[in-house]
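S.K.: Hey, dropping query-v1.txt in here, compact mmCIF, C-alpha atoms:
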# COMPACT_ATOMS: atom_id res chain seq x y z
CA MET V 1 -36.08 3.61 -9.63
CA THR V 2 -35.37 1.37 -12.58
CA HIS V 3 -32.30 -0.77 -13.24
CA ASP V 4 -31.13 1.67 -15.96
CA VAL V 5 -31.19 4.53 -13.47
CA ILE V 6 -29.68 2.62 -10.59
CA LYS V 7 -26.73 1.26 -12.54
CA HIS V 8 -25.49 4.86 -12.87
CA LEU V 9 -25.65 5.31 -9.09
CA LEU V 10 -23.58 2.31 -8.12
CA ASP V 11 -20.24 4.16 -7.98
CA ASP V 12 -21.65 6.71 -5.55
CA TYR V 13 -23.37 3.94 -3.59
CA VAL V 14 -20.12 2.05 -3.09
CA THR V 15 -18.03 5.13 -2.22
CA GLY V 16 -20.68 6.45 0.17
CA ASP V 17 -21.32 9.57 -1.90
CA LEU V 18 -24.96 8.69 -2.62
CA ALA V 19 -27.59 10.86 -0.92
CA LYS V 20 -29.11 9.23 2.16
CA ASP V 21 -32.65 9.09 0.82
CA ALA V 22 -31.47 7.28 -2.32
CA ARG V 23 -29.46 4.61 -0.54
CA GLY V 24 -32.47 2.56 0.58
CA PRO V 25 -34.06 2.06 -2.84
CA VAL V 26 -30.66 1.36 -4.42
CA ALA V 27 -29.77 -1.19 -1.72
CA ASP V 28 -33.14 -2.91 -2.24
CA HIS V 29 -32.50 -3.13 -5.98
CA ILE V 30 -28.97 -4.48 -5.51
CA ALA V 31 -30.25 -7.21 -3.23
CA ALA V 32 -32.68 -8.31 -5.92
CA CYS V 33 -30.60 -7.74 -9.08
CA GLY V 34 -27.80 -10.17 -9.81
CA ILE V 35 -26.15 -7.86 -12.38
CA CYS V 36 -26.02 -4.87 -10.04
CA GLY V 37 -25.00 -7.08 -7.11
CA ALA V 38 -22.03 -8.38 -9.08
CA GLU V 39 -21.15 -4.86 -10.20
CA VAL V 40 -21.10 -3.65 -6.61
CA GLU V 41 -18.85 -6.49 -5.50
CA SER V 42 -16.51 -5.80 -8.38
CA LEU V 43 -16.37 -2.11 -7.56
CA LYS V 44 -15.65 -2.84 -3.91
CA ASN V 45 -12.84 -5.13 -5.00
CA ILE V 46 -11.27 -2.37 -7.13
CA LEU V 47 -11.47 0.15 -4.30
CA ALA V 48 -10.01 -2.32 -1.83
CA ARG V 49 -7.10 -3.01 -4.14
CA ALA V 50 -6.54 0.71 -4.64
CA ALA V 51 -6.48 1.16 -0.87
CA GLU V 52 -3.86 -1.59 -0.55
CA LEU V 53 -1.42 0.10 -2.93
CA PRO V 54 1.73 1.35 -1.20
CA LYS V 55 1.44 5.01 -0.23
CA SER V 56 5.17 5.45 -0.31
CA ILE V 57 7.72 4.24 -2.86
CA ASP V 58 11.43 4.92 -2.50
CA PRO V 59 12.69 7.27 -5.22
CA PRO V 60 16.01 6.60 -6.98
CA ALA V 61 18.96 7.29 -4.68
CA GLU V 62 20.47 9.90 -7.01
CA ALA V 63 17.34 12.08 -6.97
CA TRP V 64 18.35 14.05 -3.87
CA SER V 65 21.85 14.81 -5.17
CA ASN V 66 20.28 16.21 -8.37
CA ILE V 67 17.89 18.34 -6.31
CA ARG V 68 20.66 19.54 -4.02
CA ALA V 69 22.85 20.50 -6.96
CA ALA V 70 20.02 22.53 -8.47
CA VAL V 71 19.28 24.17 -5.11
CA GLU V 72 22.92 25.14 -4.63
CA ARG V 73 23.09 26.58 -8.16
CA ASP V 74 20.08 28.70 -7.18
CA GLU V 75 21.84 29.88 -4.04
CA GLU V 76 24.94 30.90 -5.98
CA ALA V 77 22.82 32.85 -8.45
CA VAL V 78 21.02 34.66 -5.62
CA ALA V 79 24.30 35.43 -3.85
CA ALA V 80 25.76 36.89 -7.04
CA HIS V 81 22.60 38.94 -7.48
CA ASP V 82 22.83 40.21 -3.89
CA LYS V 83 26.44 41.23 -4.30
CA SER V 84 25.83 43.27 -7.43
CA ALA V 85 22.67 44.84 -6.02
CA ILE V 86 24.36 45.86 -2.77
CA SER V 87 27.48 47.25 -4.40
CA GLY V 88 25.45 49.20 -6.92
CA PHE V 89 23.12 50.62 -4.34
CA TRP V 90 25.43 51.69 -1.54
CA ARG V 91 28.18 53.24 -3.60
CA ARG V 92 26.05 56.33 -4.05
CA PRO V 93 26.70 58.65 -1.08
CA TYR V 94 23.79 60.93 -1.88
CA LEU V 95 21.49 58.19 -0.64
CA LEU V 96 22.62 59.09 2.86
CA ALA V 97 21.22 62.55 2.43
CA ALA V 98 17.95 61.06 1.30
CA ALA V 99 17.97 58.79 4.37
CA ALA V 100 18.34 61.74 6.68
CA ILE V 101 15.55 63.55 4.99
CA LEU V 102 13.41 60.46 5.20
CA VAL V 103 13.69 60.33 9.00
CA ALA V 104 12.74 63.95 9.18
CA VAL V 105 9.67 63.20 7.12
CA LEU V 106 8.79 60.24 9.29
CA SER V 107 9.08 62.20 12.52
CA SER V 108 6.13 64.23 13.70
CA GLY V 109 8.11 67.43 13.36
CA GLY V 110 9.16 66.45 9.92
CA THR V 111 5.63 65.63 9.04
CA ALA V 112 4.47 68.99 10.28
CA LEU V 113 7.28 70.62 8.38
CA TYR V 114 6.29 68.67 5.33
CA MET V 115 2.68 69.68 5.71
CA SER V 116 3.57 73.34 6.13
CA SER V 117 6.08 73.32 3.31
CA ARG V 118 3.86 71.44 0.94
CA ASN V 119 2.09 74.55 -0.15
CA VAL V 120 5.28 76.40 -0.95
CA ALA V 121 7.15 73.58 -2.63
CA GLY V 122 8.18 74.33 -6.14
CA ASN V 123 7.48 72.29 -9.18
CA SER V 124 10.97 70.92 -9.70
CA SER V 125 10.32 67.59 -8.06
CA SER V 126 6.91 67.27 -9.58
CA SER V 127 8.61 67.48 -12.94
CA VAL V 128 9.93 64.01 -12.19
CA ALA V 129 7.59 61.52 -13.72
CA THR V 130 6.67 59.30 -10.81
CA ASN V 131 4.55 56.24 -10.55
CA ALA V 132 3.53 56.75 -6.96
CA GLY V 133 0.00 55.52 -6.66
CA GLY V 134 0.20 54.06 -10.14
CA ALA V 135 -0.84 50.56 -11.15
CA THR V 136 1.37 47.65 -10.12
CA PRO V 137 2.94 45.84 -13.09
CA ALA V 138 1.28 42.47 -13.61
CA THR V 139 4.30 40.55 -14.86
CA LEU V 140 8.02 40.37 -14.23
CA VAL V 141 8.72 41.80 -17.68
CA ALA V 142 6.39 44.75 -17.04
CA PHE V 143 7.94 45.21 -13.61
CA THR V 144 11.48 45.20 -15.04
CA ILE V 145 10.51 48.03 -17.40
CA GLU V 146 8.83 49.82 -14.52
CA GLU V 147 11.84 49.30 -12.26
CA ASN V 148 14.06 51.09 -14.76
CA ASN V 149 11.65 54.03 -14.63
CA TYR V 150 11.77 53.99 -10.83
CA LEU V 151 15.56 53.97 -10.83
CA ARG V 152 15.79 56.82 -13.34
CA ASN V 153 13.36 58.91 -11.30
CA VAL V 154 15.17 58.07 -8.06
CA ALA V 155 18.46 59.20 -9.63
CA VAL V 156 16.92 62.57 -10.57
CA LEU V 157 15.55 62.99 -7.05
CA GLN V 158 18.86 62.00 -5.53
CA ASP V 159 20.65 64.69 -7.54
CA LEU V 160 18.14 67.18 -6.25
CA LEU V 161 18.53 66.01 -2.65
CA ASP V 162 22.29 66.00 -2.97
CA GLN V 163 22.23 69.67 -3.82
CA GLN V 164 20.14 70.31 -0.69
CA GLU V 165 22.17 68.12 1.69
CA ALA V 166 23.83 71.13 3.37
CA LEU V 167 20.48 72.05 4.84
CA LEU V 168 20.53 68.93 7.05
CA ALA V 169 22.33 68.56 10.39
CA PRO V 170 25.11 65.89 10.40
CA GLU V 171 23.46 63.99 13.26
CA THR V 172 20.26 63.86 11.26
CA VAL V 173 22.18 62.37 8.35
CA ALA V 174 23.68 59.75 10.65
CA GLN V 175 20.38 58.95 12.30
CA LEU V 176 18.60 58.52 9.03
CA LYS V 177 21.18 56.24 7.51
CA ALA V 178 19.70 53.37 9.48
CA SER V 179 16.21 54.20 8.29
CA LEU V 180 17.20 54.16 4.67
CA ARG V 181 19.04 50.90 5.20
CA THR V 182 15.81 49.37 6.44
CA ILE V 183 13.96 50.41 3.31
CA ASP V 184 16.75 49.27 1.03
CA GLU V 185 17.02 45.96 2.86
CA ALA V 186 13.32 45.44 2.23
CA ILE V 187 13.91 46.11 -1.44
CA LEU V 188 16.86 43.72 -1.54
CA GLU V 189 14.94 41.03 0.31
CA ALA V 190 12.04 41.30 -2.10
CA ARG V 191 14.41 41.24 -5.06
CA ASN V 192 16.11 38.10 -3.76
CA ALA V 193 12.77 36.43 -3.27
CA LEU V 194 11.73 37.47 -6.75
CA ALA V 195 14.94 35.99 -8.17
CA ARG V 196 13.88 32.68 -6.64
CA ASP V 197 10.27 32.95 -7.68
CA PRO V 198 10.01 35.23 -10.72
CA ALA V 199 6.31 34.50 -11.32
CA ASN V 200 5.19 35.55 -7.84
CA LYS V 201 2.83 38.47 -8.34
CA THR V 202 2.69 39.24 -4.63
CA LEU V 203 6.44 39.82 -4.62
CA ILE V 204 6.19 42.02 -7.69
CA GLU V 205 3.47 44.05 -5.97
CA MET V 206 5.51 44.25 -2.77
CA LEU V 207 8.68 45.37 -4.54
CA SER V 208 6.82 47.78 -6.74
CA GLY V 209 5.08 49.26 -3.71
CA THR V 210 8.38 49.67 -1.85
CA TYR V 211 9.92 51.50 -4.78
CA ARG V 212 6.87 53.75 -4.99
CA GLN V 213 7.12 54.51 -1.26
CA LYS V 214 10.81 55.30 -1.51
CA MET V 215 10.28 57.55 -4.48
CA ASP V 216 7.30 59.26 -2.91
CA LEU V 217 9.26 59.99 0.27
CA MET V 218 12.19 61.32 -1.68
CA ARG V 219 9.90 63.54 -3.72
CA ARG V 220 8.19 64.85 -0.57
CA THR V 221 11.52 65.43 1.10
CA ALA V 222 12.79 67.39 -1.87
CA GLU V 223 9.67 69.52 -1.64
CA MET V 224 10.17 69.92 2.12
CA THR V 225 13.77 71.10 1.90
CA ARG V 226 12.87 73.54 -0.81
CA GLY V 227 10.22 74.98 1.43
CA SER V 228 12.37 75.19 4.56
CA MET J 1 -7.61 15.62 1.43
CA LYS J 2 -8.21 12.80 3.85
CA THR J 3 -4.82 11.19 4.09
CA SER J 4 -2.37 13.94 5.04
CA ALA J 5 -1.00 14.25 8.50
CA VAL J 6 -1.14 17.84 9.62
CA VAL J 7 2.22 19.33 10.48
CA SER J 8 0.69 22.39 12.04
CA ASP J 9 -2.17 24.80 11.65
CA SER J 10 0.11 27.76 11.63
CA ILE J 11 3.78 28.55 11.57
CA GLY J 12 3.85 29.68 15.16
CA PRO J 13 1.92 27.34 17.45
CA ASN J 14 2.83 26.86 21.09
CA PRO J 15 5.57 24.21 21.09
CA SER J 16 4.22 22.65 24.26
CA THR J 17 1.03 21.66 22.46
CA MET J 18 2.84 19.91 19.61
CA ARG J 19 4.05 16.37 19.34
CA GLU J 20 7.79 15.93 19.11
CA ASP J 21 7.77 14.89 15.44
CA GLU J 22 5.51 17.79 14.53
CA ALA J 23 7.82 20.20 16.30
CA ALA J 24 10.80 18.70 14.46
CA ALA J 25 8.99 19.03 11.13
CA LEU J 26 8.09 22.63 11.89
CA ASP J 27 11.67 23.34 12.86
CA SER J 28 12.88 21.87 9.55
CA ILE J 29 10.42 24.04 7.64
CA ARG J 30 11.52 27.18 9.46
CA ARG J 31 15.20 26.42 8.92
CA ALA J 32 14.61 25.63 5.25
CA GLN J 33 12.74 28.92 4.91
CA ALA J 34 15.86 30.60 6.29
CA GLY J 35 17.95 28.95 3.55
CA ASP J 36 19.19 25.82 5.36
CA VAL J 37 19.61 23.15 2.67
CA ASP J 38 20.29 20.43 5.26
CA ALA J 39 16.92 21.14 6.85
CA PHE J 40 15.32 20.95 3.43
CA GLU J 41 16.95 17.55 2.97
CA LEU J 42 15.20 16.36 6.14
CA LEU J 43 11.89 17.48 4.64
CA TYR J 44 12.79 15.68 1.42
CA ARG J 45 13.60 12.45 3.28
CA GLU J 46 10.29 12.65 5.11
CA HIS J 47 8.08 13.30 2.10
CA ALA J 48 9.93 11.95 -0.96
CA GLY J 49 8.43 8.44 -0.73
CA ARG J 50 4.84 9.62 -0.90
CA ILE J 51 5.54 12.23 -3.54
CA PHE J 52 7.42 9.71 -5.68
CA ALA J 53 4.56 7.20 -5.39
CA LEU J 54 2.16 9.91 -6.57
CA CYS J 55 4.52 10.94 -9.40
CA LEU J 56 4.92 7.34 -10.51
CA ARG J 57 1.16 6.89 -10.82
CA LEU J 58 0.57 10.27 -12.43
CA GLU J 59 3.29 9.48 -14.97
CA ALA J 60 1.80 6.10 -15.90
CA GLY J 61 4.47 4.11 -14.11
CA ASP J 62 7.37 5.63 -16.06
CA SER J 63 10.14 5.76 -13.48
CA ALA J 64 12.32 8.23 -15.39
CA ASP J 65 9.45 10.68 -15.94
CA ALA J 66 8.34 10.23 -12.33
CA THR J 67 11.85 10.99 -11.08
CA ASP J 68 12.03 14.11 -13.27
CA LEU J 69 8.66 15.26 -11.99
CA MET J 70 9.58 14.66 -8.36
CA GLN J 71 12.85 16.55 -8.77
CA ASP J 72 10.98 19.45 -10.39
CA VAL J 73 8.55 19.46 -7.47
CA PHE J 74 11.22 19.61 -4.76
CA ILE J 75 13.27 22.26 -6.60
CA LYS J 76 10.10 24.33 -6.93
CA ALA J 77 9.30 23.66 -3.27
CA TRP J 78 12.72 24.99 -2.27
CA ARG J 79 12.22 28.12 -4.34
CA ARG J 80 8.77 28.73 -2.89
CA ILE J 81 9.16 27.49 0.65
CA SER J 82 9.20 31.04 1.97
CA THR J 83 5.57 31.31 0.78
CA PHE J 84 4.47 28.34 2.93
CA ARG J 85 2.54 29.80 5.84
CA GLY J 86 1.17 26.63 7.44
CA ASP J 87 -2.39 27.16 6.26
CA CYS J 88 -2.40 23.48 5.31
CA ALA J 89 -0.22 20.48 6.05
CA PHE J 90 3.20 20.61 4.41
CA SER J 91 2.43 17.26 2.78
CA SER J 92 -0.76 18.71 1.25
CA TRP J 93 1.21 21.70 0.01
CA LEU J 94 3.68 19.34 -1.69
CA HIS J 95 0.89 17.17 -3.14
CA ARG J 96 -0.81 20.20 -4.64
CA MET J 97 2.51 21.40 -6.06
CA THR J 98 3.07 17.94 -7.57
CA ILE J 99 -0.26 17.96 -9.38
CA ASN J 100 0.23 21.54 -10.57
CA THR J 101 3.75 20.79 -11.79
CA MET J 102 2.54 17.71 -13.64
CA LEU J 103 -0.19 19.78 -15.32
CA GLU J 104 2.28 22.57 -16.21
CA ASN J 105 4.68 20.03 -17.67
CA ALA J 106 1.87 18.44 -19.62
CA ARG J 107 0.79 21.79 -21.02
CA SER J 108 4.33 22.54 -22.17
CA ASP J 109 4.82 19.07 -23.56
CA ARG J 110 1.85 17.97 -25.60
CA ARG J 111 3.40 14.61 -26.12
CA ARG J 112 2.57 13.76 -22.54
CA ILE J 113 -1.09 14.54 -23.10
CA ALA J 114 -1.24 12.47 -26.24
CA ARG J 115 0.65 9.57 -24.75
CA VAL J 116 -1.92 6.87 -24.16
CA LEU J 117 -0.78 3.32 -24.45
CA PRO J 118 -2.96 0.90 -26.37
CA MET J 119 -5.12 -1.11 -24.00
CA ASP J 120 -3.90 -4.47 -25.18
CA ASP J 121 -0.22 -3.57 -25.37
CA THR J 122 0.76 -3.89 -21.74
CA SER J 123 4.20 -5.18 -22.71
CA LEU J 124 5.13 -1.54 -23.28
CA LEU J 125 4.28 -0.59 -19.73
CA PRO J 126 7.13 0.12 -17.36
CA GLY J 127 7.30 -2.71 -14.91
CA ALA J 128 5.51 -5.10 -17.25
CA ALA J 129 8.33 -7.59 -16.92
CA ARG J 130 7.94 -7.56 -13.17
CA SER J 131 4.19 -8.13 -13.48
CA SER J 132 4.75 -11.50 -15.12
CA GLY J 133 4.84 -12.83 -11.57
CA VAL J 134 1.83 -13.44 -9.43
CA GLU J 135 1.85 -10.28 -7.35
CA LEU J 136 -1.62 -8.82 -7.52
CA LYS J 137 -0.59 -5.31 -6.45
CA MET J 138 1.75 -5.02 -9.40
CA ASP J 139 -1.10 -6.09 -11.68
CA MET J 140 -3.11 -3.27 -10.22
CA GLU J 141 -0.26 -0.76 -10.77
CA ASN J 142 0.07 -1.85 -14.39
CA ALA J 143 -3.65 -1.65 -14.92
CA ILE J 144 -3.72 1.90 -13.50
CA ALA J 145 -0.75 2.88 -15.67
CA SER J 146 -2.59 1.64 -18.75
CA LEU J 147 -5.63 3.87 -18.15
CA PRO J 148 -6.26 6.86 -20.41
CA ARG J 149 -4.75 9.99 -18.85
CA GLY J 150 -7.94 11.65 -17.63
CA ALA J 151 -9.30 8.48 -16.10
CA ARG J 152 -5.94 7.71 -14.51
CA LEU J 153 -5.63 11.15 -12.89
CA ALA J 154 -9.16 10.93 -11.48
CA PHE J 155 -8.61 7.40 -10.15
CA VAL J 156 -5.18 8.09 -8.63
CA LEU J 157 -6.26 11.32 -6.96
CA HIS J 158 -9.63 10.05 -5.69
CA ASP J 159 -9.34 6.33 -5.06
CA VAL J 160 -5.63 6.11 -4.21
CA GLU J 161 -4.75 9.52 -2.72
CA GLY J 162 -8.11 10.23 -1.11
CA TYR J 163 -8.92 13.65 -2.59
CA GLN J 164 -12.57 14.68 -2.80
CA HIS J 165 -14.36 15.14 -6.15
CA GLN J 166 -14.51 18.91 -5.62
CA GLU J 167 -10.80 19.20 -4.81
CA ILE J 168 -9.82 17.26 -7.92
CA ALA J 169 -12.19 19.27 -10.09
CA GLU J 170 -10.64 22.51 -8.85
CA GLN J 171 -7.08 21.34 -9.34
CA LEU J 172 -7.72 20.01 -12.84
CA SER J 173 -10.04 22.90 -13.77
CA VAL J 174 -12.92 20.64 -14.81
CA SER J 175 -16.40 20.04 -13.42
CA VAL J 176 -17.23 17.58 -10.65
CA GLY J 177 -19.41 15.75 -13.19
CA THR J 178 -16.39 15.24 -15.44
CA ILE J 179 -14.39 13.81 -12.55
CA LYS J 180 -17.20 11.41 -11.66
CA ALA J 181 -17.48 10.31 -15.28
CA GLN J 182 -13.72 9.75 -15.50
CA LEU J 183 -13.79 7.78 -12.25
CA HIS J 184 -16.60 5.57 -13.52
CA ARG J 185 -14.67 4.98 -16.72
CA ALA J 186 -11.45 4.23 -14.82
CA ARG J 187 -13.12 1.68 -12.54
CA ARG J 188 -14.89 0.00 -15.44
CA LEU J 189 -11.65 -0.29 -17.42
CA LEU J 190 -9.76 -1.57 -14.38
CA ARG J 191 -12.38 -4.25 -13.75
CA GLU J 192 -12.20 -5.36 -17.36
CA ARG J 193 -8.41 -5.58 -17.28
CA LEU J 194 -8.01 -7.14 -13.88
CA GLU J 195 -10.79 -9.68 -14.22
CA ARG J 196 -10.07 -11.01 -17.66
As structure tokens, what does this structure read like?

M.R.:
Amino acid sequence: MTHDVIKHLLDDYVTGDLAKDARGPVADHIAACGICGAEVESLKNILARAAELPKSIDPPAEAWSNIRAAVERDEEAVAAHDKSAISGFWRRPYLLAAAAILVAVLSSGGTALYMSSRNVAGNSSSSVATNAGGATPATLVAFTIEENNYLRNVAVLQDLLDQQEALLAPETVAQLKASLRTIDEAILEARNALARDPANKTLIEMLSGTYRQKMDLMRRTAEMTRGS
Amino acid sequence: MKTSAVVSDSIGPNPSTMREDEAAALDSIRRAQAGDVDAFELLYREHAGRIFALCLRLEAGDSADATDLMQDVFIKAWRRISTFRGDCAFSSWLHRMTINTMLENARSDRRRIARVLPMDDTSLLPGAARSSGVELKMDMENAIASLPRGARLAFVLHDVEGYQHQEIAEQLSVSVGTIKAQLHRARRLLRERLER
């Protein structure tokens, strides 16, 4: 190798990134070439000085109080969001009927009932434009539009289920309340997380999927009660 | 990255196999993930020094910009801490977030990208007054701060922080060859400035 080639390999030689088979010839050249020898010493000096730099430097004392203030503002915003979401969601008693129906669907008997009733279910619930199985919105803006669609469709299904609530036993309603709470808690949890991290696509997918599941179950339940 | 101490390999290791400080760090992470701001403060106290040193060098020694960047990083870390699963060390997670935040800020503020101090005008550098003394390390800090942005990022991340060429290339979305070229340029410029 010539001097012109080797001078471009000196960085890798000094940092140990040079291939093993090239190290010998380069080392031989450095030993014989005053220019390259000086370059190597200079490079080693730079790297040594970089290694001596402090790894830790104290930040200004007020930095943490600024961070804490911002964090606490975040918490207040999330708490306010939680409050409005919870009050809006649980004020609607017809959700309880949907919860009861949901448990029935989840039970093996309910599943069997669903399967047997599926063929006789009318088209009323299918008239609701659902997104079950549809594509997940890629952005928060797209999801927000989609969420409004979910909520509109859920409201239509809830009206339908409300009309059919008399078909369910009271203990079934009570038993299923807990099940629906679990689903709604998952939605609230995902919404809170999304409020903290609006760009998180995984959260958008998760929330979107939970809405789709809820809507799909409500639609199936509406079909089931019609068939029973 | 070569320099980070591993907090844990996962969020749920057997406590009996962990050192006491690792267990304490893991406990702080878990509590912060549950919304405990005091636990997050412990994490801040543990990592702020290293993150601020990195911010200071990434921001060319500008203490105000470095403080802003570090604050942005920790606020973002708080918002995203629930996504930390222990796949890497917490310190590595914070380092990566620091570099990404710096790049995001730079993209949204073109002035930062264009801001390259003239080579011979070191009087404008933050800390230049302090470097009038004889402390060699401060000369080195000023010399790093005076590097063009690309060369400075490559030098700080590789030669100071210990990242590999490939890791830097991935984080900055450039080729390994570009990183090597920027490193060569950075070292050459530093030699010229420190040896004259």

S.K.: Enumerate as a list in words the residues belonging to chain V that approach chain J to within 6 Å, with all atoms listed in the file taken into account.

M.R.: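 The complete set of qualifying residues is Ala50, Lys55, Ser56, Ile57, Asp58, Pro59, Ile67 and Arg196 of chain V.
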
S.K.: Rounded to one decimal in Å, what is the spacing between atom CA of Lys7 of chain V and atom CA of Cys36 of chain V?

M.R.: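 Atom CA of Lys7 of chain V sits 6.7 Å away from atom CA of Cys36 of chain V.
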
S.K.: Do a neighbour search on Val176 of chain J at 10 Å with all atoms listed in the file, toss out local chain neighbours closer than 3 positions, and write the hits as number ranges by chain.

M.R.: J: 164-170, 173, 179-182

S.K.: Nearest to Leu58 of chain J: which of J:Asn100, J:Ser28, J:Gln33, J:Ser92 is it, counting all atoms listed in the file?

M.R.: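 Comparing J:Asn100, J:Ser28, J:Gln33, J:Ser92 against Leu58 of chain J, the winner is J:Asn100.
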
S.K.: Smallest atom-to-atom distance to Leu18 of chain V: which of V:Ile6, V:Leu151, V:Glu39, V:Ala199, using all atoms listed in the file?

M.R.: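 For Leu18 of chain V, the nearest of the candidates is V:Ile6.
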
S.K.: What is the atom CA of Ala186 of chain V-atom CA of Thr210 of chain V distance in Å, reported with one decimal?

M.R.: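 Computing it gives 7.7 Å between the two atoms.
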
S.K.: Show me, as JSON, numbers by chain, the residues that have an atom within 9 Å of Val26 of chain V when counting all atoms listed in the file, minus same-chain residues fewer than 6 positions from it.

M.R.: {"V": [1, 6, 9, 10, 13]}

S.K.: Would you mind reading off the distance between atom CA of Met215 of chain V and atom CA of Glu189 of chain V, one decimal, in Å?

M.R.: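 Between these atoms lies a distance of 17.8 Å.
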
S.K.: Name the closest residue to Ile30 of chain V among the candidates V:Arg49, V:Arg212, V:Arg191, V:His3; distances are taken between atoms, counting all atoms listed in the file.

M.R.: V:His3

S.K.: Could you extract segment 198-210 of chain V of the given structure into a file holding N, CA and C atoms, as an mmCIF file, in the first residue's frame?

M.R.:
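Done, and the output landed in part.cif:
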data_model
loop_
_atom_site.group_PDB
_atom_site.id
_atom_site.type_symbol
_atom_site.label_atom_id
_atom_site.label_comp_id
_atom_site.auth_asym_id
_atom_site.auth_seq_id
_atom_site.Cartn_x
_atom_site.Cartn_y
_atom_site.Cartn_z
ATOM 1 N N PRO V 198 -49.532 11.755 22.012
ATOM 2 C CA PRO V 198 -50.486 11.784 20.898
ATOM 3 C C PRO V 198 -49.944 11.175 19.600
ATOM 4 N N ALA V 199 -48.617 11.078 19.475
ATOM 5 C CA ALA V 199 -48.066 10.572 18.215
ATOM 6 C C ALA V 199 -47.856 9.062 18.233
ATOM 7 N N ASN V 200 -48.234 8.416 19.317
ATOM 8 C CA ASN V 200 -47.948 6.984 19.452
ATOM 9 C C ASN V 200 -48.931 6.147 18.632
ATOM 10 N N LYS V 201 -48.431 5.595 17.537
ATOM 11 C CA LYS V 201 -49.301 4.853 16.621
ATOM 12 C C LYS V 201 -49.801 3.554 17.242
ATOM 13 N N THR V 202 -48.982 2.970 18.121
ATOM 14 C CA THR V 202 -49.418 1.732 18.774
ATOM 15 C C THR V 202 -50.658 1.992 19.617
ATOM 16 N N LEU V 203 -50.653 3.119 20.321
ATOM 17 C CA LEU V 203 -51.812 3.462 21.147
ATOM 18 C C LEU V 203 -53.038 3.715 20.281
ATOM 19 N N ILE V 204 -52.822 4.388 19.165
ATOM 20 C CA ILE V 204 -53.947 4.653 18.255
ATOM 21 C C ILE V 204 -54.518 3.327 17.762
ATOM 22 N N GLU V 205 -53.632 2.402 17.407
ATOM 23 C CA GLU V 205 -54.083 1.085 16.938
ATOM 24 C C GLU V 205 -54.846 0.355 18.037
ATOM 25 N N MET V 206 -54.277 0.425 19.263
ATOM 26 C CA MET V 206 -54.884 -0.274 20.393
ATOM 27 C C MET V 206 -56.289 0.272 20.669
ATOM 28 N N LEU V 207 -56.398 1.599 20.719
ATOM 29 C CA LEU V 207 -57.671 2.237 21.019
ATOM 30 C C LEU V 207 -58.678 1.968 19.906
ATOM 31 N N SER V 208 -58.188 2.079 18.694
ATOM 32 C CA SER V 208 -59.061 1.841 17.552
ATOM 33 C C SER V 208 -59.582 0.399 17.569
ATOM 34 N N GLY V 209 -58.677 -0.524 17.879
ATOM 35 C CA GLY V 209 -59.053 -1.936 17.937
ATOM 36 C C GLY V 209 -60.070 -2.206 19.044
ATOM 37 N N THR V 210 -59.898 -1.534 20.188
ATOM 38 C CA THR V 210 -60.839 -1.725 21.300
ATOM 39 C C THR V 210 -62.227 -1.209 20.935
#
